[in-house]
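The file structure.txt contains compact mmCIF, C-alpha atoms:
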```txt
# COMPACT_ATOMS: atom_id res chain seq x y z
CA MET A 1 -20.13 -3.98 6.34
CA LEU A 2 -20.13 -1.70 3.28
CA PRO A 3 -16.61 -1.71 1.83
CA PHE A 4 -17.18 0.23 -1.40
CA ILE A 5 -19.27 2.89 -3.06
CA THR A 6 -19.54 3.19 -6.84
CA VAL A 7 -18.29 6.51 -8.26
CA PHE A 8 -19.44 7.78 -11.68
CA ASP A 9 -20.77 4.28 -12.44
CA LYS A 10 -17.23 3.30 -13.42
CA PHE A 11 -15.17 2.26 -10.43
CA LYS A 12 -15.54 1.37 -6.80
CA MET A 13 -14.06 3.54 -4.06
CA PRO A 14 -13.41 2.19 -0.55
CA LEU A 15 -15.96 3.74 1.83
CA TYR A 16 -13.18 4.15 4.40
CA GLY A 17 -12.03 7.32 2.61
CA PRO A 18 -15.29 9.32 2.76
CA VAL A 19 -15.96 8.32 6.38
CA PHE A 20 -12.44 9.33 7.41
CA LEU A 21 -12.76 12.58 5.44
CA ILE A 22 -15.89 13.55 7.38
CA GLY A 23 -13.98 13.20 10.65
CA LEU A 24 -11.02 15.14 9.25
CA ILE A 25 -13.20 18.05 8.08
CA ILE A 26 -14.92 18.26 11.48
CA ALA A 27 -11.56 18.25 13.26
CA ILE A 28 -10.09 20.94 11.01
CA ALA A 29 -13.17 23.12 11.52
CA ILE A 30 -12.81 22.82 15.31
CA ALA A 31 -9.06 23.51 15.09
CA ILE A 32 -9.60 26.69 13.07
CA LYS A 33 -12.25 27.91 15.50
CA ILE A 34 -10.12 27.50 18.65
CA ALA A 35 -6.76 28.46 17.10
CA PRO A 36 -6.61 32.06 18.48
CA LYS A 37 -6.75 30.69 22.04
CA TYR A 38 -3.34 29.11 21.37
CA ASP A 39 -1.78 32.16 19.69
CA VAL A 40 -2.21 30.67 16.22
CA SER A 41 -4.03 32.57 13.48
CA ARG A 42 -6.97 30.86 11.83
CA GLU A 43 -5.29 31.22 8.44
CA ASP A 44 -2.12 29.49 9.65
CA MET A 45 -4.23 26.80 11.28
CA LEU A 46 -5.99 26.12 7.99
CA PHE A 47 -2.78 25.84 5.97
CA THR A 48 -1.06 23.80 8.69
CA SER A 49 -3.99 21.40 8.76
CA ILE A 50 -4.00 20.97 4.98
CA LEU A 51 -0.28 20.22 4.96
CA ALA A 52 -0.63 17.94 8.00
CA ALA A 53 -3.40 16.02 6.22
CA VAL A 54 -1.09 15.46 3.25
CA GLY A 55 1.72 14.39 5.58
CA MET A 56 -0.66 12.07 7.36
CA PHE A 57 -1.67 10.30 4.16
CA VAL A 58 1.92 10.03 2.91
CA GLY A 59 3.22 8.81 6.27
CA ALA A 60 0.43 6.25 6.65
CA LYS A 61 1.06 4.94 3.15
CA ILE A 62 4.84 4.77 3.58
CA LEU A 63 4.57 2.74 6.79
CA PHE A 64 2.04 0.45 5.09
CA PHE A 65 4.48 -0.18 2.24
CA ILE A 66 7.24 -0.88 4.76
CA THR A 67 5.11 -3.51 6.52
CA LYS A 68 4.14 -5.02 3.15
CA LEU A 69 7.60 -4.83 1.56
CA PRO A 70 8.33 -8.59 1.70
CA ASP A 71 5.00 -9.36 -0.05
CA ILE A 72 5.54 -6.60 -2.62
CA ILE A 73 8.97 -7.98 -3.52
CA ASP A 74 7.72 -11.57 -3.75
CA ASN A 75 4.71 -10.64 -5.93
CA PHE A 76 6.08 -7.62 -7.81
CA ASP A 77 5.25 -8.82 -11.34
CA LYS A 78 1.70 -9.77 -10.38
CA LEU A 79 1.23 -6.41 -8.64
CA VAL A 80 2.42 -4.42 -11.67
CA ASN A 81 0.12 -6.41 -13.95
CA GLN A 82 -2.93 -5.80 -11.76
CA ILE A 83 -2.19 -2.07 -11.46
CA SER A 84 -1.82 -1.73 -15.24
CA THR A 85 -5.05 -3.57 -16.10
CA ASP A 86 -7.57 -2.89 -13.31
CA ILE A 87 -8.55 0.67 -12.34
CA ASN A 88 -10.43 -0.60 -9.28
CA TYR A 89 -7.22 -2.21 -8.04
CA VAL A 90 -5.39 1.10 -8.53
CA VAL A 91 -8.02 2.96 -6.49
CA ASN A 92 -8.03 0.30 -3.76
CA TYR A 93 -4.25 0.33 -3.52
CA ALA A 94 -4.07 4.12 -3.51
CA PHE A 95 -6.71 4.76 -0.85
CA GLY A 96 -6.57 1.52 1.12
CA GLY A 97 -3.71 0.19 3.19
CA LEU A 98 -2.92 2.96 5.67
CA VAL A 99 -1.10 2.55 8.99
CA PHE A 100 -2.19 4.97 11.72
CA TYR A 101 1.15 5.54 13.41
CA GLY A 102 2.75 6.39 10.08
CA GLY A 103 0.01 8.96 9.56
CA LEU A 104 0.50 10.44 13.04
CA ILE A 105 4.24 10.84 12.55
CA GLY A 106 3.79 12.20 9.02
CA ALA A 107 1.22 14.77 10.16
CA ILE A 108 3.40 16.02 13.02
CA LEU A 109 6.47 16.32 10.78
CA ALA A 110 4.48 18.22 8.13
CA ALA A 111 3.03 20.58 10.74
CA PHE A 112 6.50 21.12 12.22
CA TRP A 113 7.90 22.03 8.80
CA TYR A 114 5.14 24.56 8.16
CA CYS A 115 5.47 26.13 11.62
CA LYS A 116 9.25 26.36 11.26
CA ARG A 117 9.01 27.78 7.73
CA TYR A 118 6.39 30.43 8.52
CA ASP A 119 7.23 31.15 12.18
CA VAL A 120 4.04 29.66 13.62
CA ASN A 121 3.69 28.53 17.25
CA PHE A 122 4.31 24.78 16.82
CA LEU A 123 3.52 23.86 20.43
CA GLY A 124 0.25 25.76 20.10
CA VAL A 125 -0.60 23.81 16.96
CA ILE A 126 0.21 20.51 18.68
CA ASP A 127 -1.95 21.42 21.67
CA ILE A 128 -4.82 22.16 19.29
CA TYR A 129 -4.38 18.85 17.50
CA ALA A 130 -3.98 16.64 20.59
CA PRO A 131 -7.70 16.29 21.46
CA LEU A 132 -8.69 16.14 17.78
CA ILE A 133 -6.42 13.27 16.73
CA PRO A 134 -8.59 10.65 18.51
CA LEU A 135 -11.72 12.22 16.98
CA VAL A 136 -10.40 11.73 13.45
CA HIS A 137 -9.13 8.28 14.39
CA ALA A 138 -12.56 7.27 15.70
CA PHE A 139 -14.09 8.04 12.31
CA GLY A 140 -11.26 6.13 10.67
CA ARG A 141 -11.93 3.02 12.73
CA VAL A 142 -15.62 3.13 11.83
CA GLY A 143 -14.43 3.22 8.23
CA CYS A 144 -12.26 0.18 8.94
CA PHE A 145 -15.29 -1.67 10.28
CA LEU A 146 -17.31 -0.83 7.17
CA ALA A 147 -14.44 -1.90 4.93
CA GLY A 148 -13.81 -5.12 6.84
CA CYS A 149 -10.15 -4.33 7.42
CA CYS A 150 -8.18 -4.25 10.69
CA TYR A 151 -10.55 -6.94 11.94
CA GLY A 152 -10.43 -8.79 15.25
CA VAL A 153 -9.59 -12.31 16.29
CA GLU A 154 -12.10 -15.13 15.92
CA TYR A 155 -14.59 -14.66 18.73
CA HIS A 156 -17.90 -16.32 19.63
CA GLY A 157 -18.92 -14.28 22.67
CA PHE A 158 -20.98 -11.17 23.36
CA LEU A 159 -21.05 -8.60 20.52
CA ALA A 160 -19.28 -10.91 18.07
CA VAL A 161 -19.71 -9.75 14.47
CA GLU A 162 -19.82 -11.82 11.31
CA PHE A 163 -18.98 -10.00 8.09
CA PRO A 164 -20.78 -10.85 4.82
CA TYR A 165 -18.96 -12.53 1.97
CA ASN A 166 -15.92 -10.55 0.80
CA GLU A 167 -13.81 -11.97 -2.02
CA MET A 168 -10.94 -9.59 -1.18
CA VAL A 169 -10.73 -10.83 2.43
CA PRO A 170 -11.76 -14.52 2.26
CA GLU A 171 -10.59 -15.23 5.81
CA LEU A 172 -13.44 -13.04 7.09
CA ASN A 173 -16.19 -15.12 5.52
CA GLU A 174 -18.50 -16.89 7.97
CA VAL A 175 -16.07 -16.42 10.87
CA PRO A 176 -17.35 -14.50 13.94
CA ARG A 177 -14.90 -11.77 14.91
CA PHE A 178 -14.24 -9.53 17.90
CA PRO A 179 -15.33 -5.98 16.90
CA VAL A 180 -11.93 -4.48 17.67
CA GLN A 181 -12.45 -1.61 15.20
CA LEU A 182 -15.57 -0.39 17.01
CA VAL A 183 -13.97 -0.84 20.43
CA GLU A 184 -11.03 1.31 19.35
CA ALA A 185 -13.39 3.87 17.81
CA GLY A 186 -15.28 4.09 21.11
CA LEU A 187 -12.11 4.45 23.19
CA ASN A 188 -10.83 7.16 20.85
CA LEU A 189 -14.13 9.00 21.12
CA ILE A 190 -13.93 8.87 24.92
CA LEU A 191 -10.38 10.23 24.79
CA PHE A 192 -11.50 13.07 22.51
CA ILE A 193 -14.32 14.05 24.88
CA VAL A 194 -12.07 13.94 27.95
CA LEU A 195 -9.14 15.81 26.38
CA PHE A 196 -11.32 18.38 24.65
CA THR A 197 -13.24 19.06 27.88
CA ILE A 198 -10.03 19.45 29.88
CA THR A 199 -8.35 21.75 27.36
CA LYS A 200 -11.53 23.81 26.94
CA LYS A 201 -11.81 24.49 30.66
CA LYS A 202 -8.09 24.89 31.35
CA LYS A 203 -5.12 25.68 29.14
CA LEU A 204 -2.53 23.01 29.92
CA LYS A 205 1.20 23.56 29.80
CA PRO A 206 2.60 23.32 26.25
CA GLY A 207 2.87 19.72 25.05
CA ARG A 208 1.01 18.21 28.00
CA ALA A 209 -2.19 17.47 26.08
CA LEU A 210 -0.19 15.56 23.46
CA GLY A 211 1.59 13.70 26.26
CA ILE A 212 -1.72 12.63 27.80
CA TYR A 213 -2.89 11.45 24.40
CA LEU A 214 0.27 9.44 23.75
CA ILE A 215 0.17 7.73 27.15
CA TYR A 216 -3.50 6.78 26.83
CA TYR A 217 -3.44 5.72 23.21
CA THR A 218 -0.18 3.76 23.21
CA ILE A 219 -1.43 1.64 26.10
CA ILE A 220 -4.82 0.86 24.56
CA ARG A 221 -3.28 0.28 21.14
CA TYR A 222 -0.74 -2.17 22.56
CA ILE A 223 -3.54 -4.13 24.22
CA LEU A 224 -5.91 -3.99 21.24
CA GLU A 225 -3.19 -5.32 18.95
CA MET A 226 -3.53 -8.60 20.86
CA LEU A 227 -7.16 -8.73 19.75
CA ARG A 228 -6.43 -8.12 16.06
CA GLY A 229 -6.93 -11.02 13.67
CA ASP A 230 -5.33 -9.62 10.51
CA VAL A 231 -1.76 -10.77 9.94
CA ILE A 232 -0.59 -8.21 7.35
CA ARG A 233 0.53 -5.61 9.91
CA GLY A 234 4.15 -6.70 10.02
CA GLY A 235 6.32 -6.82 13.11
CA ILE A 236 9.41 -8.18 14.79
CA GLY A 237 9.23 -11.42 16.74
CA ILE A 238 6.14 -11.49 18.95
CA PHE A 239 5.52 -7.76 18.60
CA SER A 240 3.47 -6.14 15.83
CA THR A 241 4.69 -2.95 14.16
CA SER A 242 2.18 -0.86 16.13
CA GLN A 243 3.18 -2.47 19.43
CA ILE A 244 6.82 -1.60 18.78
CA ILE A 245 5.92 2.01 17.97
CA SER A 246 3.68 2.15 21.07
CA ILE A 247 6.61 1.09 23.25
CA ILE A 248 8.72 3.89 21.73
CA LEU A 249 6.06 6.61 22.02
CA LEU A 250 4.92 5.84 25.59
CA PRO A 251 8.03 7.30 27.31
CA ILE A 252 7.81 10.34 25.01
CA GLY A 253 4.28 10.89 26.29
CA ILE A 254 5.47 10.61 29.90
CA ILE A 255 8.24 13.15 29.25
CA LEU A 256 5.75 15.58 27.71
CA VAL A 257 3.35 15.26 30.65
CA ARG A 258 6.14 15.85 33.15
CA GLY A 259 7.20 18.91 31.17
CA LYS A 260 10.95 18.25 31.15
CA TRP A 261 11.27 18.37 27.37
CA ILE A 262 9.30 21.62 27.19
CA LYS A 263 11.44 23.11 29.95
CA ASN A 264 14.63 22.21 28.09
CA VAL A 265 13.30 23.71 24.86
CA SER A 266 12.41 26.94 26.64
CA GLN A 267 15.88 27.16 28.17
CA ASN A 268 17.52 26.60 24.79
CA ASP A 269 15.42 29.37 23.24
```

What would the structure in this file look like if it were written as structure tokens?
Amino acid sequence: MLPFITVFDKFKMPLYGPVFLIGLIIAIAIAIKIAPKYDVSREDMLFTSILAAVGMFVGAKILFFITKLPDIIDNFDKLVNQISTDINYVVNYAFGGLVFYGGLIGAILAAFWYCKRYDVNFLGVIDIYAPLIPLVHAFGRVGCFLAGCCYGVEYHGFLAVEFPYNEMVPELNEVPRFPVQLVEAGLNLILFIVLFTITKKKKLKPGRALGIYLIYYTIIRYILEMLRGDVIRGGIGIFSTSQIISIILLPIGIILVRGKWIKNVSQND
């Protein structure tokens, strides 16, 4: 566990950010390289990716704030005071606290806007992104493990991990945990390898790669949510926020794989 790095000898930055950024840069480089295969220029792919990255961050942050809204309202004065007096708290709040599904939705919406605005093949862009999303996510989950966030339930079996003392997350201290972050990172990496291999050998029908991704990921995310030990994720009843979104996105993935939505879009065009 290595939650922070010191920048300019003045403030601490969560290590999650740099680790995630490495994955993002690798993914964008791959996307730019293969873009012509999907009738997308490399220049458009670059600008779409930059805008999608911004949309991803904004979307992930917005969904985080939504899940934390009750706590923010209850502790508003304390929060304002900490932000105004502690630069480390500002950095932690700005770069920490991101919800994946919010980032996924934000990135897709941003890419859609760019493609619509500049007449770029949106389905081609989505097919490029589909195998790369789990690659970026795998790096992100490694960052989560280093930061000590998104941790697993208390667990005393094989591969249990015990994080060192962390004053920001006291419930982690001296409690063995299931390494859910690393499990999810591994599953995402497997999905990247499988999807990238399939799409490299054979060009799937438009939208199908994204559909495969959504089916696979929503199922594993729903299951892994049961192994999460952090309670700040929000939810309704017995379902966490991510489980609810998984239930919504799963049928969308099935529709994309079956091709009915793509067929309807083509007919409307």

Box dimensions and centre (Å, one decimal) enclosing stretch 117-123 of chain A, axis-aligned, 4 Å extra per side, as AutoDock Vina command-line options:
```
--center_x 6.3 --center_y 27.5 --center_z 14.1 --size_x 13.5 --size_y 15.3 --size_z 20.7
```

(request) Using all atoms listed in the file, pick whichever of A:Val257, A:Val194, A:Val183, A:Ile244 has the shortest atom-to-atom distance to A:Leu227. (result)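 Smallest separation from A:Leu227 among the options: A:Val183.
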
Counting all atoms listed in the file, which residues of stretch 176-223 of chain A fall within 10 Å of stretch 119-142 of chain A, and what is the closest atom pair for each with its distance in Å at one decimal, ordered by chain and rising number, as a tab-separated table?
```
residue	atom	partner	partner_atom	distance
A:Val180	CA	A:Arg141	CA	9.0
A:Gln181	CA	A:Arg141	CA	5.3
A:Leu182	CA	A:Val142	CA	6.3
A:Val183	CA	A:Arg141	CA	8.9
A:Glu184	CA	A:Arg141	CA	6.9
A:Ala185	CA	A:Ala138	CA	4.1
A:Gly186	CA	A:Ala138	CA	6.8
A:Leu187	CA	A:Ala138	CA	8.0
A:Asn188	CA	A:Pro134	CA	4.8
A:Leu189	CA	A:Leu135	CA	5.8
A:Ile190	CA	A:Pro134	CA	8.5
A:Leu191	CA	A:Pro134	CA	6.5
A:Phe192	CA	A:Pro131	CA	5.1
A:Ile193	CA	A:Pro131	CA	7.8
A:Val194	CA	A:Pro131	CA	8.2
A:Leu195	CA	A:Pro131	CA	5.1
A:Phe196	CA	A:Pro131	CA	5.3
A:Thr197	CA	A:Pro131	CA	8.9
A:Ile198	CA	A:Pro131	CA	9.3
A:Thr199	CA	A:Pro131	CA	8.1
A:Lys203	CA	A:Asp127	CA	9.2
A:Leu204	CA	A:Asp127	CA	8.4
A:Lys205	CA	A:Asp127	CA	9.0
A:Pro206	CA	A:Leu123	CA	5.9
A:Gly207	CA	A:Asp127	CA	6.1
A:Arg208	CA	A:Asp127	CA	7.7
A:Ala209	CA	A:Ala130	CA	5.8
A:Leu210	CA	A:Ala130	CA	4.9
A:Gly211	CA	A:Ala130	CA	8.5
A:Ile212	CA	A:Ala130	CA	8.6
A:Tyr213	CA	A:Ala130	CA	6.5
A:Leu214	CA	A:Ala130	CA	8.9
A:Tyr217	CA	A:Pro134	CA	8.5
```

(request) Have a look at A:Gly234, A:Leu46, A:Pro251, A:Cys144 and name the one nearest to A:Leu15; count all atoms listed in the file. (result) A:Cys144

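Across the structure, atom CA of A:Met45 and atom CA of A:Lys33 are spaced 9.1 Å apart.
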
(message) Restricting the calculation to all atoms listed in the file: of A:Leu69, A:Ile238, A:Ile25, A:Ile34, which residue gets closest to A:Met226?
(response)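 Nearest to A:Met226: A:Ile238.
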
(request) Grab the atom CA of A:Lys202 to atom CA of A:Ile220 distance for me, in Å with one decimal place. (result)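 Going from atom CA of A:Lys202 over to atom CA of A:Ile220 covers 25.2 Å.
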
(message) Quick one: residues within 9 Å of A:Leu51, all atoms listed in the file, excluding same-chain residues fewer than 4 positions away - as a ChimeraX atom specification?
(response) /A:46-47,55-56,107,110-111,114

(request) Could you tell me how far atom CA of A:Thr241 lies from atom CA of A:Gly143, in Å and to one decimal? (result)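 Atom-to-atom, atom CA of A:Thr241 and atom CA of A:Gly143 are spaced 20.9 Å apart.
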
Would you mind completing stretch 194-224 of chain A to N, CA and C atoms and writing the output as an mmCIF file, in the frame of the given file?
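Generated output (rebuild.cif):
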```cif
data_model
loop_
_atom_site.group_PDB
_atom_site.id
_atom_site.type_symbol
_atom_site.label_atom_id
_atom_site.label_comp_id
_atom_site.auth_asym_id
_atom_site.auth_seq_id
_atom_site.Cartn_x
_atom_site.Cartn_y
_atom_site.Cartn_z
ATOM 1 N N VAL A 194 -12.800 13.607 26.722
ATOM 2 C CA VAL A 194 -12.070 13.940 27.950
ATOM 3 C C VAL A 194 -11.032 15.024 27.692
ATOM 4 N N LEU A 195 -10.198 14.836 26.671
ATOM 5 C CA LEU A 195 -9.140 15.810 26.380
ATOM 6 C C LEU A 195 -9.708 17.154 25.958
ATOM 7 N N PHE A 196 -10.733 17.129 25.133
ATOM 8 C CA PHE A 196 -11.320 18.380 24.650
ATOM 9 C C PHE A 196 -11.963 19.145 25.806
ATOM 10 N N THR A 197 -12.619 18.415 26.714
ATOM 11 C CA THR A 197 -13.240 19.060 27.880
ATOM 12 C C THR A 197 -12.183 19.676 28.779
ATOM 13 N N ILE A 198 -11.100 18.938 29.021
ATOM 14 C CA ILE A 198 -10.030 19.450 29.880
ATOM 15 C C ILE A 198 -9.393 20.694 29.280
ATOM 16 N N THR A 199 -9.038 20.621 28.003
ATOM 17 C CA THR A 199 -8.350 21.750 27.360
ATOM 18 C C THR A 199 -9.284 22.944 27.150
ATOM 19 N N LYS A 200 -10.580 22.701 27.086
ATOM 20 C CA LYS A 200 -11.530 23.810 26.940
ATOM 21 C C LYS A 200 -11.668 24.578 28.239
ATOM 22 N N LYS A 201 -11.654 23.852 29.357
ATOM 23 C CA LYS A 201 -11.810 24.490 30.660
ATOM 24 C C LYS A 201 -10.503 25.093 31.173
ATOM 25 N N LYS A 202 -9.379 24.461 30.816
ATOM 26 C CA LYS A 202 -8.090 24.890 31.350
ATOM 27 C C LYS A 202 -7.013 24.719 30.297
ATOM 28 N N LYS A 203 -6.218 25.747 30.098
ATOM 29 C CA LYS A 203 -5.120 25.680 29.140
ATOM 30 C C LYS A 203 -3.938 24.981 29.806
ATOM 31 N N LEU A 204 -3.622 23.789 29.343
ATOM 32 C CA LEU A 204 -2.530 23.010 29.920
ATOM 33 C C LEU A 204 -1.180 23.584 29.498
ATOM 34 N N LYS A 205 -0.144 23.160 30.192
ATOM 35 C CA LYS A 205 1.200 23.560 29.800
ATOM 36 C C LYS A 205 1.500 23.020 28.407
ATOM 37 N N PRO A 206 2.317 23.741 27.630
ATOM 38 C CA PRO A 206 2.600 23.320 26.250
ATOM 39 C C PRO A 206 3.068 21.866 26.165
ATOM 40 N N GLY A 207 2.468 21.107 25.281
ATOM 41 C CA GLY A 207 2.870 19.720 25.050
ATOM 42 C C GLY A 207 2.207 18.704 25.949
ATOM 43 N N ARG A 208 1.566 19.167 27.032
ATOM 44 C CA ARG A 208 1.010 18.210 28.000
ATOM 45 C C ARG A 208 -0.197 17.461 27.432
ATOM 46 N N ALA A 209 -1.019 18.142 26.666
ATOM 47 C CA ALA A 209 -2.190 17.470 26.080
ATOM 48 C C ALA A 209 -1.748 16.350 25.141
ATOM 49 N N LEU A 210 -0.717 16.609 24.340
ATOM 50 C CA LEU A 210 -0.190 15.560 23.460
ATOM 51 C C LEU A 210 0.378 14.415 24.278
ATOM 52 N N GLY A 211 1.039 14.742 25.387
ATOM 53 C CA GLY A 211 1.590 13.700 26.260
ATOM 54 C C GLY A 211 0.507 12.803 26.825
ATOM 55 N N ILE A 212 -0.599 13.411 27.281
ATOM 56 C CA ILE A 212 -1.720 12.630 27.800
ATOM 57 C C ILE A 212 -2.265 11.703 26.716
ATOM 58 N N TYR A 213 -2.403 12.257 25.523
ATOM 59 C CA TYR A 213 -2.890 11.450 24.400
ATOM 60 C C TYR A 213 -1.980 10.261 24.137
ATOM 61 N N LEU A 214 -0.677 10.509 24.070
ATOM 62 C CA LEU A 214 0.270 9.440 23.750
ATOM 63 C C LEU A 214 0.260 8.342 24.812
ATOM 64 N N ILE A 215 0.191 8.725 26.080
ATOM 65 C CA ILE A 215 0.170 7.730 27.150
ATOM 66 C C ILE A 215 -1.085 6.856 27.037
ATOM 67 N N TYR A 216 -2.227 7.500 26.906
ATOM 68 C CA TYR A 216 -3.500 6.780 26.830
ATOM 69 C C TYR A 216 -3.538 5.890 25.594
ATOM 70 N N TYR A 217 -3.250 6.477 24.444
ATOM 71 C CA TYR A 217 -3.440 5.720 23.210
ATOM 72 C C TYR A 217 -2.430 4.590 23.049
ATOM 73 N N THR A 218 -1.174 4.823 23.394
ATOM 74 C CA THR A 218 -0.180 3.760 23.210
ATOM 75 C C THR A 218 -0.513 2.536 24.052
ATOM 76 N N ILE A 219 -1.066 2.766 25.233
ATOM 77 C CA ILE A 219 -1.430 1.640 26.100
ATOM 78 C C ILE A 219 -2.606 0.863 25.505
ATOM 79 N N ILE A 220 -3.664 1.580 25.102
ATOM 80 C CA ILE A 220 -4.820 0.860 24.560
ATOM 81 C C ILE A 220 -4.483 0.214 23.220
ATOM 82 N N ARG A 221 -3.624 0.864 22.438
ATOM 83 C CA ARG A 221 -3.280 0.280 21.140
ATOM 84 C C ARG A 221 -2.467 -0.996 21.333
ATOM 85 N N TYR A 222 -1.546 -0.979 22.286
ATOM 86 C CA TYR A 222 -0.740 -2.170 22.560
ATOM 87 C C TYR A 222 -1.646 -3.346 22.929
ATOM 88 N N ILE A 223 -2.632 -3.069 23.776
ATOM 89 C CA ILE A 223 -3.540 -4.130 24.220
ATOM 90 C C ILE A 223 -4.444 -4.594 23.076
ATOM 91 N N LEU A 224 -4.991 -3.639 22.327
ATOM 92 C CA LEU A 224 -5.910 -3.990 21.240
ATOM 93 C C LEU A 224 -5.221 -4.762 20.123
#
```
